[in-house]
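**Student:** Provided herewith: coords22.pdb, PDB, C-alpha atoms.
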MODEL        1
ATOM      1  CA  MET A  11       0.000   0.000   0.000
ATOM      2  CA  ALA A  12       2.980   2.308   0.450
ATOM      3  CA  GLU A  13       3.310   2.569  -3.338
ATOM      4  CA  LEU A  14      -0.297   3.698  -3.827
ATOM      5  CA  PRO A  15       0.153   7.359  -2.793
ATOM      6  CA  LYS A  16       3.224   7.627  -5.026
ATOM      7  CA  ALA A  17       1.312   6.254  -7.983
ATOM      8  CA  MET A  18      -1.619   8.591  -7.303
ATOM      9  CA  GLU A  19       0.745  11.542  -6.987
ATOM     10  CA  ALA A  20       2.297  10.618 -10.353
ATOM     11  CA  GLY A  21      -1.109  10.484 -12.014
ATOM     12  CA  ALA A  22      -1.241   6.719 -12.547
ATOM     13  CA  PHE A  23      -5.035   6.684 -12.405
ATOM     14  CA  GLN A  24      -5.367   9.441 -14.957
ATOM     15  CA  SER A  25      -3.438   7.682 -17.761
ATOM     16  CA  ILE A  26      -0.994   4.830 -18.096
ATOM     17  CA  GLU A  27       1.756   5.874 -20.461
ATOM     18  CA  PRO A  28       4.041   3.204 -21.943
ATOM     19  CA  VAL A  29       7.791   3.794 -21.674
ATOM     20  CA  LEU A  30      10.397   1.693 -23.478
ATOM     21  CA  ILE A  31      13.666   0.888 -21.652
ATOM     22  CA  VAL A  32      16.529  -0.281 -23.885
ATOM     23  CA  ASP A  33      19.595  -1.595 -22.047
ATOM     24  CA  ASP A  34      21.651  -4.795 -22.319
ATOM     25  CA  ASP A  35      22.061  -4.701 -18.518
ATOM     26  CA  ALA A  36      18.990  -6.743 -17.539
ATOM     27  CA  ASP A  37      19.328  -5.853 -13.837
ATOM     28  CA  TRP A  38      19.320  -2.136 -14.538
ATOM     29  CA  GLY A  39      16.357  -2.599 -16.873
ATOM     30  CA  LYS A  40      14.370  -4.308 -14.120
ATOM     31  CA  GLU A  41      15.329  -1.604 -11.612
ATOM     32  CA  CYS A  42      14.264   1.154 -14.001
ATOM     33  CA  ALA A  43      11.004  -0.672 -14.778
ATOM     34  CA  PHE A  44      10.252  -0.916 -11.046
ATOM     35  CA  SER A  45      10.770   2.844 -10.647
ATOM     36  CA  LEU A  46       8.532   3.579 -13.627
ATOM     37  CA  ARG A  47       5.719   1.419 -12.229
ATOM     38  CA  GLN A  48       5.929   3.325  -8.950
ATOM     39  CA  MET A  49       5.508   6.555 -10.901
ATOM     40  CA  GLY A  50       2.463   5.235 -12.746
ATOM     41  CA  TYR A  51       4.013   4.321 -16.101
ATOM     42  CA  GLU A  52       3.797   1.051 -18.074
ATOM     43  CA  PRO A  53       7.399  -0.113 -18.722
ATOM     44  CA  PHE A  54       8.537  -2.305 -21.617
ATOM     45  CA  VAL A  55      12.111  -3.618 -21.348
ATOM     46  CA  ALA A  56      14.326  -4.543 -24.314
ATOM     47  CA  THR A  57      17.896  -5.830 -24.045
ATOM     48  CA  SER A  58      18.779  -5.375 -27.730
ATOM     49  CA  ALA A  59      18.078  -3.031 -30.624
ATOM     50  CA  ASP A  60      15.991  -5.613 -32.514
ATOM     51  CA  GLU A  61      13.841  -6.290 -29.467
ATOM     52  CA  ALA A  62      13.379  -2.533 -28.956
ATOM     53  CA  LEU A  63      12.258  -2.017 -32.571
ATOM     54  CA  ALA A  64       9.788  -4.898 -32.304
ATOM     55  CA  LEU A  65       8.240  -3.449 -29.137
ATOM     56  CA  PHE A  66       8.075   0.024 -30.670
ATOM     57  CA  VAL A  67       6.294  -1.257 -33.794
ATOM     58  CA  ASP A  68       3.500  -2.962 -31.845
ATOM     59  CA  HIS A  69       2.965  -0.664 -28.882
ATOM     60  CA  ASP A  70       1.923   2.962 -28.654
ATOM     61  CA  ILE A  71       5.272   3.988 -27.185
ATOM     62  CA  SER A  72       6.031   7.693 -27.163
ATOM     63  CA  ILE A  73       8.962   7.747 -24.679
ATOM     64  CA  ALA A  74      12.137   5.637 -24.888
ATOM     65  CA  ILE A  75      15.027   5.482 -22.405
ATOM     66  CA  VAL A  76      18.005   4.235 -24.441
ATOM     67  CA  ASP A  77      21.434   3.195 -23.183
ATOM     68  CA  TYR A  78      24.299   4.734 -25.112
ATOM     69  CA  ASN A  79      26.503   1.616 -25.131
ATOM     70  CA  LEU A  80      24.411  -1.126 -26.727
ATOM     71  CA  PRO A  81      25.941  -4.196 -28.405
ATOM     72  CA  GLY A  82      25.533  -4.352 -32.171
ATOM     73  CA  LEU A  83      23.374  -1.367 -33.083
ATOM     74  CA  ASP A  84      24.549   1.370 -30.682
ATOM     75  CA  GLY A  85      22.186   3.660 -28.808
ATOM     76  CA  ILE A  86      22.654   6.654 -31.123
ATOM     77  CA  THR A  87      21.968   4.590 -34.255
ATOM     78  CA  LEU A  88      18.940   2.965 -32.584
ATOM     79  CA  ILE A  89      17.494   6.385 -31.747
ATOM     80  CA  GLN A  90      17.943   7.454 -35.363
ATOM     81  CA  GLU A  91      16.252   4.244 -36.630
ATOM     82  CA  MET A  92      13.295   4.619 -34.249
ATOM     83  CA  ALA A  93      12.934   8.333 -34.988
ATOM     84  CA  GLN A  94      12.805   7.588 -38.726
ATOM     85  CA  GLN A  95      10.205   4.850 -38.212
ATOM     86  CA  ALA A  96       8.134   7.159 -35.987
ATOM     87  CA  GLU A  97       8.216   9.854 -38.669
ATOM     88  CA  VAL A  98       7.058   7.370 -41.338
ATOM     89  CA  GLU A  99       4.119   6.312 -39.148
ATOM     90  CA  GLY A 100       3.267   9.847 -38.042
ATOM     91  CA  ARG A 101       3.968   9.048 -34.384
ATOM     92  CA  GLN A 102       5.532  11.233 -31.709
ATOM     93  CA  LEU A 103       8.566   9.728 -29.977
ATOM     94  CA  ARG A 104      10.793  11.348 -27.341
ATOM     95  CA  PHE A 105      14.132   9.952 -26.166
ATOM     96  CA  ILE A 106      16.123   9.980 -22.950
ATOM     97  CA  MET A 107      19.749   8.889 -23.374
ATOM     98  CA  ALA A 108      21.251   7.002 -20.418
ATOM     99  CA  THR A 109      24.915   6.098 -19.971
ATOM    100  CA  GLY A 110      27.429   5.145 -17.318
ATOM    101  CA  TYR A 111      30.227   6.962 -19.178
ATOM    102  CA  ALA A 112      29.032  10.528 -19.561
ATOM    103  CA  THR A 113      31.294  12.817 -21.563
ATOM    104  CA  LYS A 114      30.760  16.049 -23.437
ATOM    105  CA  ASP A 115      31.015  14.226 -26.790
ATOM    106  CA  VAL A 116      28.445  11.623 -25.732
ATOM    107  CA  ALA A 117      26.059  14.357 -24.620
ATOM    108  CA  ILE A 118      26.472  16.212 -27.928
ATOM    109  CA  ASP A 119      25.886  12.988 -29.887
ATOM    110  CA  ALA A 120      22.726  12.324 -27.878
ATOM    111  CA  MET A 121      21.304  15.775 -28.503
ATOM    112  CA  ARG A 122      22.131  15.615 -32.211
ATOM    113  CA  ALA A 123      20.261  12.303 -32.347
ATOM    114  CA  SER A 124      17.094  14.030 -31.055
ATOM    115  CA  ALA A 125      17.393  12.950 -27.403
ATOM    116  CA  ILE A 126      15.401  15.331 -25.208
ATOM    117  CA  ASP A 127      17.322  14.527 -22.027
ATOM    118  CA  PHE A 128      20.642  12.988 -21.018
ATOM    119  CA  LEU A 129      21.052  11.094 -17.732
ATOM    120  CA  GLU A 130      24.193   9.620 -16.194
ATOM    121  CA  LYS A 131      24.014   6.274 -14.360
ATOM    122  CA  PRO A 132      23.314   5.541 -11.598
ATOM    123  CA  ILE A 133      20.016   7.363 -12.189
ATOM    124  CA  SER A 134      18.012   8.253  -9.112
ATOM    125  CA  GLN A 135      14.243   7.962  -9.152
ATOM    126  CA  SER A 136      13.925  11.720  -8.628
ATOM    127  CA  ASP A 137      16.145  12.440 -11.662
ATOM    128  CA  LEU A 138      14.140   9.994 -13.750
ATOM    129  CA  ARG A 139      10.863  11.535 -12.587
ATOM    130  CA  ARG A 140      12.035  15.051 -13.479
ATOM    131  CA  ALA A 141      13.186  13.917 -16.933
ATOM    132  CA  LEU A 142       9.828  12.269 -17.613
ATOM    133  CA  GLN A 143       7.952  15.322 -16.355
ATOM    134  CA  ARG A 144       9.917  17.497 -18.765
ATOM    135  CA  ILE A 145       9.012  15.170 -21.632
ATOM    136  CA  ARG A 146       5.349  14.961 -20.604
ATOM    137  CA  GLY A 147       5.268  18.714 -20.836
ATOM    138  CA  LEU A 148       6.087  18.336 -24.534
ATOM    139  CA  THR A 149       3.666  15.587 -25.592
ATOM    140  CA  PRO A 150       0.167  14.480 -24.573
ATOM    141  CA  ALA A 151      -0.358  11.042 -23.043
ATOM    142  CA  PRO A 152      -1.129   8.325 -25.620
ATOM    143  CA  GLY A 153      -3.891   5.648 -25.656
ATOM    144  CA  ALA A 154      -5.387   3.518 -22.933
ATOM    145  CA  ARG A 155      -4.084   0.300 -21.390
ATOM    146  CA  LYS A 156      -6.633  -1.856 -23.234
ATOM    147  CA  VAL A 157      -5.159  -0.879 -26.617
ATOM    148  CA  LEU A 158      -1.698  -1.910 -25.412
ATOM    149  CA  MET A 159      -2.898  -5.261 -24.084
ATOM    150  CA  ASP A 160      -4.735  -5.971 -27.347
ATOM    151  CA  LYS A 161      -1.521  -5.335 -29.286
ATOM    152  CA  ILE A 162       0.436  -7.658 -26.973
ATOM    153  CA  SER A 163      -2.171 -10.362 -27.515
ATOM    154  CA  ASN A 164      -2.099  -9.904 -31.295
ATOM    155  CA  LEU A 165       1.705 -10.169 -31.420
ATOM    156  CA  SER A 166       1.644 -13.309 -29.255
ATOM    157  CA  THR A 167      -0.885 -14.915 -31.604
ATOM    158  CA  GLU A 168       1.228 -14.095 -34.661
ATOM    159  CA  LEU A 169       4.382 -15.490 -33.035
ATOM    160  CA  GLN A 170       2.610 -18.737 -32.170
ATOM    161  CA  ARG A 171       1.255 -19.053 -35.712
ATOM    162  CA  LEU A 172       4.668 -18.493 -37.298
ATOM    163  CA  ALA A 173       6.406 -20.877 -34.896
ATOM    164  CA  HIS A 174       3.771 -23.551 -35.638
ATOM    165  CA  LEU A 175       4.281 -23.043 -39.363
ATOM    166  CA  MET A 176       8.077 -23.228 -39.289
ATOM    167  CA  ASP A 177       8.519 -26.052 -36.771
ATOM    168  CA  GLU A 178       6.290 -28.719 -38.356
ATOM    169  CA  PRO A 179       7.857 -29.823 -41.649
ATOM    170  CA  GLY A 180       5.919 -33.104 -41.618
ATOM    171  CA  ARG A 181       2.528 -31.528 -41.200
ATOM    172  CA  PRO A 182       0.017 -33.154 -43.579
ATOM    173  CA  ALA A 183      -2.062 -31.110 -45.976
ATOM    174  CA  ALA A 184      -5.279 -31.929 -44.121
ATOM    175  CA  ALA A 185      -4.032 -30.110 -41.021
ATOM    176  CA  ALA A 186      -3.679 -26.799 -42.823
ATOM    177  CA  PRO A 187      -6.451 -24.368 -41.789
ATOM    178  CA  ALA A 188      -9.109 -24.154 -44.466
ATOM    179  CA  PRO A 189      -9.727 -20.685 -45.923
ATOM    180  CA  ALA A 190     -13.031 -19.068 -45.104
ATOM    181  CA  ALA A 191     -13.879 -18.759 -48.785
ATOM    182  CA  ALA A 192     -12.356 -19.048 -52.231
ATOM    183  CA  LEU A 193      -9.623 -16.654 -53.274
ATOM    184  CA  PRO A 194     -10.814 -13.153 -54.115
ATOM    185  CA  ALA A 195     -11.059 -12.372 -57.824
ATOM    186  CA  ALA A 196      -7.698 -10.572 -57.785
ATOM    187  CA  ALA A 197      -5.961 -13.708 -56.479
ATOM    188  CA  SER A 198      -7.890 -16.468 -58.276
ATOM    189  CA  PRO A 199      -5.846 -19.057 -60.241
ATOM    190  CA  PRO A 200      -5.681 -18.681 -64.020
ATOM    191  CA  LEU A 201      -8.265 -20.480 -66.156
ATOM    192  CA  PRO A 202      -5.964 -22.257 -68.678
ATOM    193  CA  GLY A 203      -4.710 -25.701 -67.705
ATOM    194  CA  ASP A 204      -5.501 -27.777 -64.660
ATOM    195  CA  PRO A 205      -7.102 -25.509 -62.030
ATOM    196  CA  VAL A 206      -5.342 -25.262 -58.687
ATOM    197  CA  SER A 207      -7.554 -24.975 -55.619
ATOM    198  CA  PRO A 208      -6.832 -22.455 -52.861
ATOM    199  CA  GLU A 209      -6.231 -25.409 -50.528
ATOM    200  CA  ARG A 210      -3.456 -26.815 -52.765
ATOM    201  CA  LEU A 211      -1.931 -23.374 -53.140
ATOM    202  CA  THR A 212      -2.014 -22.907 -49.370
ATOM    203  CA  VAL A 213      -0.197 -26.200 -48.765
ATOM    204  CA  PHE A 214       2.406 -25.292 -51.395
ATOM    205  CA  ILE A 215       3.050 -21.839 -49.872
ATOM    206  CA  ARG A 216       3.434 -23.344 -46.390
ATOM    207  CA  ASP A 217       5.951 -25.811 -47.773
ATOM    208  CA  GLN A 218       7.883 -22.969 -49.428
ATOM    209  CA  LEU A 219       7.960 -21.027 -46.157
ATOM    210  CA  ARG A 220       9.335 -24.072 -44.338
ATOM    211  CA  ARG A 221      12.000 -24.458 -47.018
ATOM    212  CA  GLU A 222      12.939 -20.778 -46.637
ATOM    213  CA  ALA A 223      13.246 -21.244 -42.874
ATOM    214  CA  LYS A 224      15.545 -24.241 -43.356
ATOM    215  CA  ARG A 225      17.648 -22.369 -45.901
ATOM    216  CA  ARG A 226      18.084 -19.436 -43.505
ATOM    217  CA  GLU A 227      19.584 -21.822 -40.942
ATOM    218  CA  ILE A 228      22.563 -22.401 -43.266
ATOM    219  CA  GLY A 229      25.384 -20.038 -42.408
ATOM    220  CA  GLY A 230      23.799 -18.688 -39.245
ATOM    221  CA  GLY A 231      20.510 -17.380 -40.626
ATOM    222  CA  GLU A 232      21.362 -14.342 -42.766
ATOM    223  CA  LEU A 233      23.619 -15.533 -45.609
ATOM    224  CA  PHE A 234      21.202 -17.586 -47.699
ATOM    225  CA  GLY A 235      17.753 -16.321 -46.738
ATOM    226  CA  ASP A 236      15.516 -14.210 -48.958
ATOM    227  CA  PRO A 237      13.522 -11.994 -46.559
ATOM    228  CA  ALA A 238      11.519 -10.238 -49.305
ATOM    229  CA  TRP A 239      10.348 -13.556 -50.788
ATOM    230  CA  ALA A 240       9.468 -14.985 -47.364
ATOM    231  CA  MET A 241       7.516 -11.822 -46.528
ATOM    232  CA  LEU A 242       5.549 -11.940 -49.802
ATOM    233  CA  LEU A 243       4.721 -15.636 -49.340
ATOM    234  CA  ASP A 244       3.466 -15.024 -45.811
ATOM    235  CA  LEU A 245       1.326 -12.070 -46.933
ATOM    236  CA  LEU A 246      -0.202 -14.089 -49.790
ATOM    237  CA  LEU A 247      -0.939 -16.950 -47.406
ATOM    238  CA  ALA A 248      -2.666 -14.474 -45.103
ATOM    239  CA  LYS A 249      -4.763 -13.194 -48.022
ATOM    240  CA  ILE A 250      -5.940 -16.718 -48.846
ATOM    241  CA  GLU A 251      -6.730 -17.448 -45.197
ATOM    242  CA  LYS A 252      -8.573 -14.128 -44.725
ATOM    243  CA  ARG A 253      -6.112 -12.834 -42.136
ATOM    244  CA  GLN A 254      -4.565  -9.420 -41.642
ATOM    245  CA  VAL A 255      -0.821  -9.168 -41.066
ATOM    246  CA  SER A 256       0.691  -6.448 -38.914
ATOM    247  CA  VAL A 257       3.982  -4.800 -39.799
ATOM    248  CA  SER A 258       5.799  -6.620 -36.997
ATOM    249  CA  SER A 259       4.361  -9.999 -38.013
ATOM    250  CA  ALA A 260       5.547  -9.460 -41.589
ATOM    251  CA  CYS A 261       9.001  -8.566 -40.256
ATOM    252  CA  ILE A 262       9.120 -11.739 -38.158
ATOM    253  CA  ALA A 263       8.018 -13.847 -41.138
ATOM    254  CA  SER A 264      10.867 -12.429 -43.242
ATOM    255  CA  GLY A 265      13.421 -14.026 -40.928
ATOM    256  CA  ALA A 266      15.601 -10.909 -41.036
ATOM    257  CA  PRO A 267      16.647  -8.836 -38.003
ATOM    258  CA  MET A 268      13.911  -6.382 -37.087
ATOM    259  CA  SER A 269      15.859  -3.275 -38.179
ATOM    260  CA  THR A 270      16.655  -4.889 -41.557
ATOM    261  CA  ALA A 271      13.068  -6.075 -41.998
ATOM    262  CA  LEU A 272      11.654  -2.617 -41.239
ATOM    263  CA  ARG A 273      13.914  -1.083 -43.876
ATOM    264  CA  LEU A 274      12.717  -3.763 -46.311
ATOM    265  CA  VAL A 275       9.082  -2.925 -45.554
ATOM    266  CA  ARG A 276       9.727   0.768 -46.181
ATOM    267  CA  ARG A 277      11.412  -0.031 -49.491
ATOM    268  CA  LEU A 278       8.621  -2.364 -50.675
ATOM    269  CA  VAL A 279       5.993   0.216 -49.715
ATOM    270  CA  ASP A 280       7.911   3.001 -51.475
ATOM    271  CA  GLU A 281       8.097   0.850 -54.622
ATOM    272  CA  ASP A 282       4.348   0.040 -54.421
ATOM    273  CA  VAL A 283       4.937  -3.686 -53.967
ATOM    274  CA  LEU A 284       3.207  -3.533 -50.580
ATOM    275  CA  CYS A 285       0.409  -1.350 -49.254
ATOM    276  CA  ARG A 286       0.046  -0.107 -45.679
ATOM    277  CA  LEU A 287      -3.564  -0.357 -44.480
ATOM    278  CA  PRO A 288      -4.676   1.451 -41.299
ATOM    279  CA  ASP A 289      -6.416  -0.606 -38.639
ATOM    280  CA  GLU A 290     -10.085   0.420 -38.650
ATOM    281  CA  HIS A 291     -10.204   0.045 -34.858
ATOM    282  CA  ASP A 292      -6.869   1.720 -34.102
ATOM    283  CA  ARG A 293      -5.566   4.278 -36.609
ATOM    284  CA  ARG A 294      -2.127   4.161 -34.985
ATOM    285  CA  ARG A 295      -1.649   0.582 -36.181
ATOM    286  CA  HIS A 296      -1.083  -0.592 -39.759
ATOM    287  CA  PHE A 297      -1.418  -3.844 -41.646
ATOM    288  CA  LEU A 298       0.439  -4.862 -44.804
ATOM    289  CA  ALA A 299      -0.960  -6.279 -48.049
ATOM    290  CA  ILE A 300       0.478  -7.065 -51.462
ATOM    291  CA  ASN A 301      -0.401  -4.530 -54.156
ATOM    292  CA  ALA A 302      -2.955  -6.033 -56.572
ATOM    293  CA  LYS A 303      -0.715  -5.471 -59.610
ATOM    294  CA  PHE A 304       1.965  -7.704 -58.037
ATOM    295  CA  GLU A 305      -0.396 -10.155 -56.384
ATOM    296  CA  GLN A 306      -1.800 -11.757 -59.548
ATOM    297  CA  PRO A 307       1.617 -12.398 -61.174
ATOM    298  CA  LEU A 308       2.744 -13.937 -57.874
ATOM    299  CA  VAL A 309      -0.313 -16.213 -57.786
ATOM    300  CA  ASP A 310       0.257 -17.165 -61.450
ATOM    301  CA  TYR A 311       3.888 -18.057 -60.762
ATOM    302  CA  LEU A 312       3.077 -20.170 -57.673
ATOM    303  CA  THR A 313       0.158 -21.853 -59.446
ATOM    304  CA  GLU A 314       2.463 -22.907 -62.261
ATOM    305  CA  GLN A 315       4.901 -24.308 -59.718
ATOM    306  CA  VAL A 316       2.089 -26.348 -58.137
ATOM    307  CA  ARG A 317       1.131 -27.757 -61.559
ATOM    308  CA  HIS A 318       4.698 -28.771 -62.309
ATOM    309  CA  ARG A 319       4.951 -30.473 -58.937
ATOM    310  CA  GLY A 320       1.839 -32.531 -59.849
TER     311      GLY A 320
ENDMDL
END
Re-express the file's structure as structure tokens.
**Tutor:**
Amino acid sequence: MAELPKAMEAGAFQSIEPVLIVDDDADWGKECAFSLRQMGYEPFVATSADEALALFVDHDISIAIVDYNLPGLDGITLIQEMAQQAEVEGRQLRFIMATGYATKDVAIDAMRASAIDFLEKPISQSDLRRALQRIRGLTPAPGARKVLMDKISNLSTELQRLAHLMDEPGRPAAAAPAPAAALPAAASPPLPGDPVSPERLTVFIRDQLRREAKRREIGGGELFGDPAWAMLLDLLLAKIEKRQVSVSSACIASGAPMSTALRLVRRLVDEDVLCRLPDEHDRRRHFLAINAKFEQPLVDYLTEQVRHRG
């Protein structure tokens, strides 16, 4: 009960604002998350740049506390990546840079990378509270907790579906989920030759996705994979099965690191291969679909492959 007055003082019952913590020090991440909960925030903790990008894509995060010294993609580069993604999606995102090695050059780099505040570890709860209060003075609080929990649930469902698809190479055709209806006119198989049913096409696409997953395993996962092809196959499969695919789900299906997959999505959208569709229930979220002018040639190609397979 001792935490209740603190949470009330911080405005926890007025709005629950999500805050992303990015630090490869798991203990510090947990400590920071505990402090944020006491102040009435909803913390999300990532220990790598890819994990941070995945959380940002699927949650209405408007504040990120980023460690300067991250392995792989450093904190400055991560801030630049997230800021670019936020701009593409029309979202507001504010950054706090945290580091245990504060120098003038680090502080300048942080400010140039659009960080609003710069904190040196160890960070006291009062310093963290003041930094967040300064940021809250710049941006309004985002959506409600229910929206966040729905997004978590949706991501969990997509991860389970993709894991089920990739980990069962011996799955018989009868176990594949039946589509709710025949393919839409834009994705129907061509008339000439032996017609290929949506069910046969579905089984073939699933087999191709499993083959792509196996191929990615050669050389550590990135040398021989084709993330664009895997993404297109997964999106076409979703079209047949009457499902919508979120941006993060498409990135996961590609098999590429999240930062690489997000850049691929931007490129495919810019070149009109993919279309971004706003969620009718949450305009801050987007789904992906294959552009109709590319969808039919893709269906024709896969249909021909099914016929040759016999």
**Student:** Can you work out the spacing between atom CA of A:Gln48 and atom CA of A:Ala141 in Å, to one decimal?
**Tutor:**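 Atom CA of A:Ala141 lies 15.1 Å from atom CA of A:Gln48.
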**Student:** So what does the PyMOL selection byres ((chain A and resi 214-216) around 8) actually pick up in this one, as a PyMOL selection string?
**Tutor:** chain A and resi 175+210-213+217-220+243-244+247+312+316
**Student:** Give me, as a list of chain:residue names, all polymer residues having an atom no more than 10 Å from A:Ala96, counting all atoms listed in the file and skipping those fewer than 4 positions away in the same chain.
**Tutor:**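 The neighbour list is A:Phe66, A:Val67, A:Ile71, A:Ser72, A:Gln90, A:Glu91, A:Met92, A:Gly100, A:Arg101, A:Gln102, A:Leu103, A:Arg104.
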**Student:** So the first atom is atom CA of A:Ser264 and the second is atom CA of A:Trp239; what is the distance between them in Å, to one decimal place?
**Tutor:**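 Going from atom CA of A:Ser264 over to atom CA of A:Trp239 covers 7.6 Å.
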**Student:** When you draw a straight line from atom CA of A:Gly82 to atom CA of A:Met268, how long is it in Å?
**Tutor:** 12.8 Å
**Student:** Please enumerate the residues selected by the PyMOL selection byres ((chain A and resi 29) around 9) when evaluated against the supplied file, formatted as a PDB file with C-alpha atoms, in the frame of the given file.
**Tutor:**
ATOM      1  CA  GLU A  27       1.756   5.874 -20.461  1.00  0.00           C
ATOM      2  CA  PRO A  28       4.041   3.204 -21.943  1.00  0.00           C
ATOM      3  CA  LEU A  30      10.397   1.693 -23.478  1.00  0.00           C
ATOM      4  CA  ILE A  31      13.666   0.888 -21.652  1.00  0.00           C
ATOM      5  CA  ALA A  43      11.004  -0.672 -14.778  1.00  0.00           C
ATOM      6  CA  LEU A  46       8.532   3.579 -13.627  1.00  0.00           C
ATOM      7  CA  TYR A  51       4.013   4.321 -16.101  1.00  0.00           C
ATOM      8  CA  GLU A  52       3.797   1.051 -18.074  1.00  0.00           C
ATOM      9  CA  PRO A  53       7.399  -0.113 -18.722  1.00  0.00           C
ATOM     10  CA  PHE A  54       8.537  -2.305 -21.617  1.00  0.00           C
ATOM     11  CA  VAL A  55      12.111  -3.618 -21.348  1.00  0.00           C
ATOM     12  CA  ILE A  71       5.272   3.988 -27.185  1.00  0.00           C
ATOM     13  CA  SER A  72       6.031   7.693 -27.163  1.00  0.00           C
ATOM     14  CA  ILE A  73       8.962   7.747 -24.679  1.00  0.00           C
ATOM     15  CA  ALA A  74      12.137   5.637 -24.888  1.00  0.00           C
ATOM     16  CA  ILE A  75      15.027   5.482 -22.405  1.00  0.00           C
TER      17      ILE A  75
END
**Student:** Kindly list the centre and edge lengths in Å, rounded to one decimal, for the axis-aligned box that covers all listed atoms of stretch 301-315 of chain A plus 8 Å on each of its six sides, as AutoDock Vina command-line options.
**Tutor:**
--center_x 1.0 --center_y -14.4 --center_z -58.2 --size_x 23.9 --size_y 35.8 --size_z 24.1
**Student:** Got a sec: who's within 9 Å of A:Leu272, counting all atoms listed in the file, leaving out chain neighbours fewer than 3 positions off, as a tab-separated table (two decimals) with C-alpha atoms, in the coordinates of the input?
**Tutor:**
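Saved as out_31.tsv:
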chain	number	residue	atom	x	y	z
A	63	LEU	CA	12.26	-2.02	-32.57
A	95	GLN	CA	10.20	4.85	-38.21
A	257	VAL	CA	3.98	-4.80	-39.80
A	258	SER	CA	5.80	-6.62	-37.00
A	261	CYS	CA	9.00	-8.57	-40.26
A	267	PRO	CA	16.65	-8.84	-38.00
A	268	MET	CA	13.91	-6.38	-37.09
A	269	SER	CA	15.86	-3.28	-38.18
A	275	VAL	CA	9.08	-2.92	-45.55
A	276	ARG	CA	9.73	0.77	-46.18
A	277	ARG	CA	11.41	-0.03	-49.49
**Student:** Apply the PyMOL selection byres ((chain A and resi 287) around 9) to the file shown and report the selected residues as a PyMOL selection string.
**Tutor:** chain A and resi 285-286+288-290+295-299
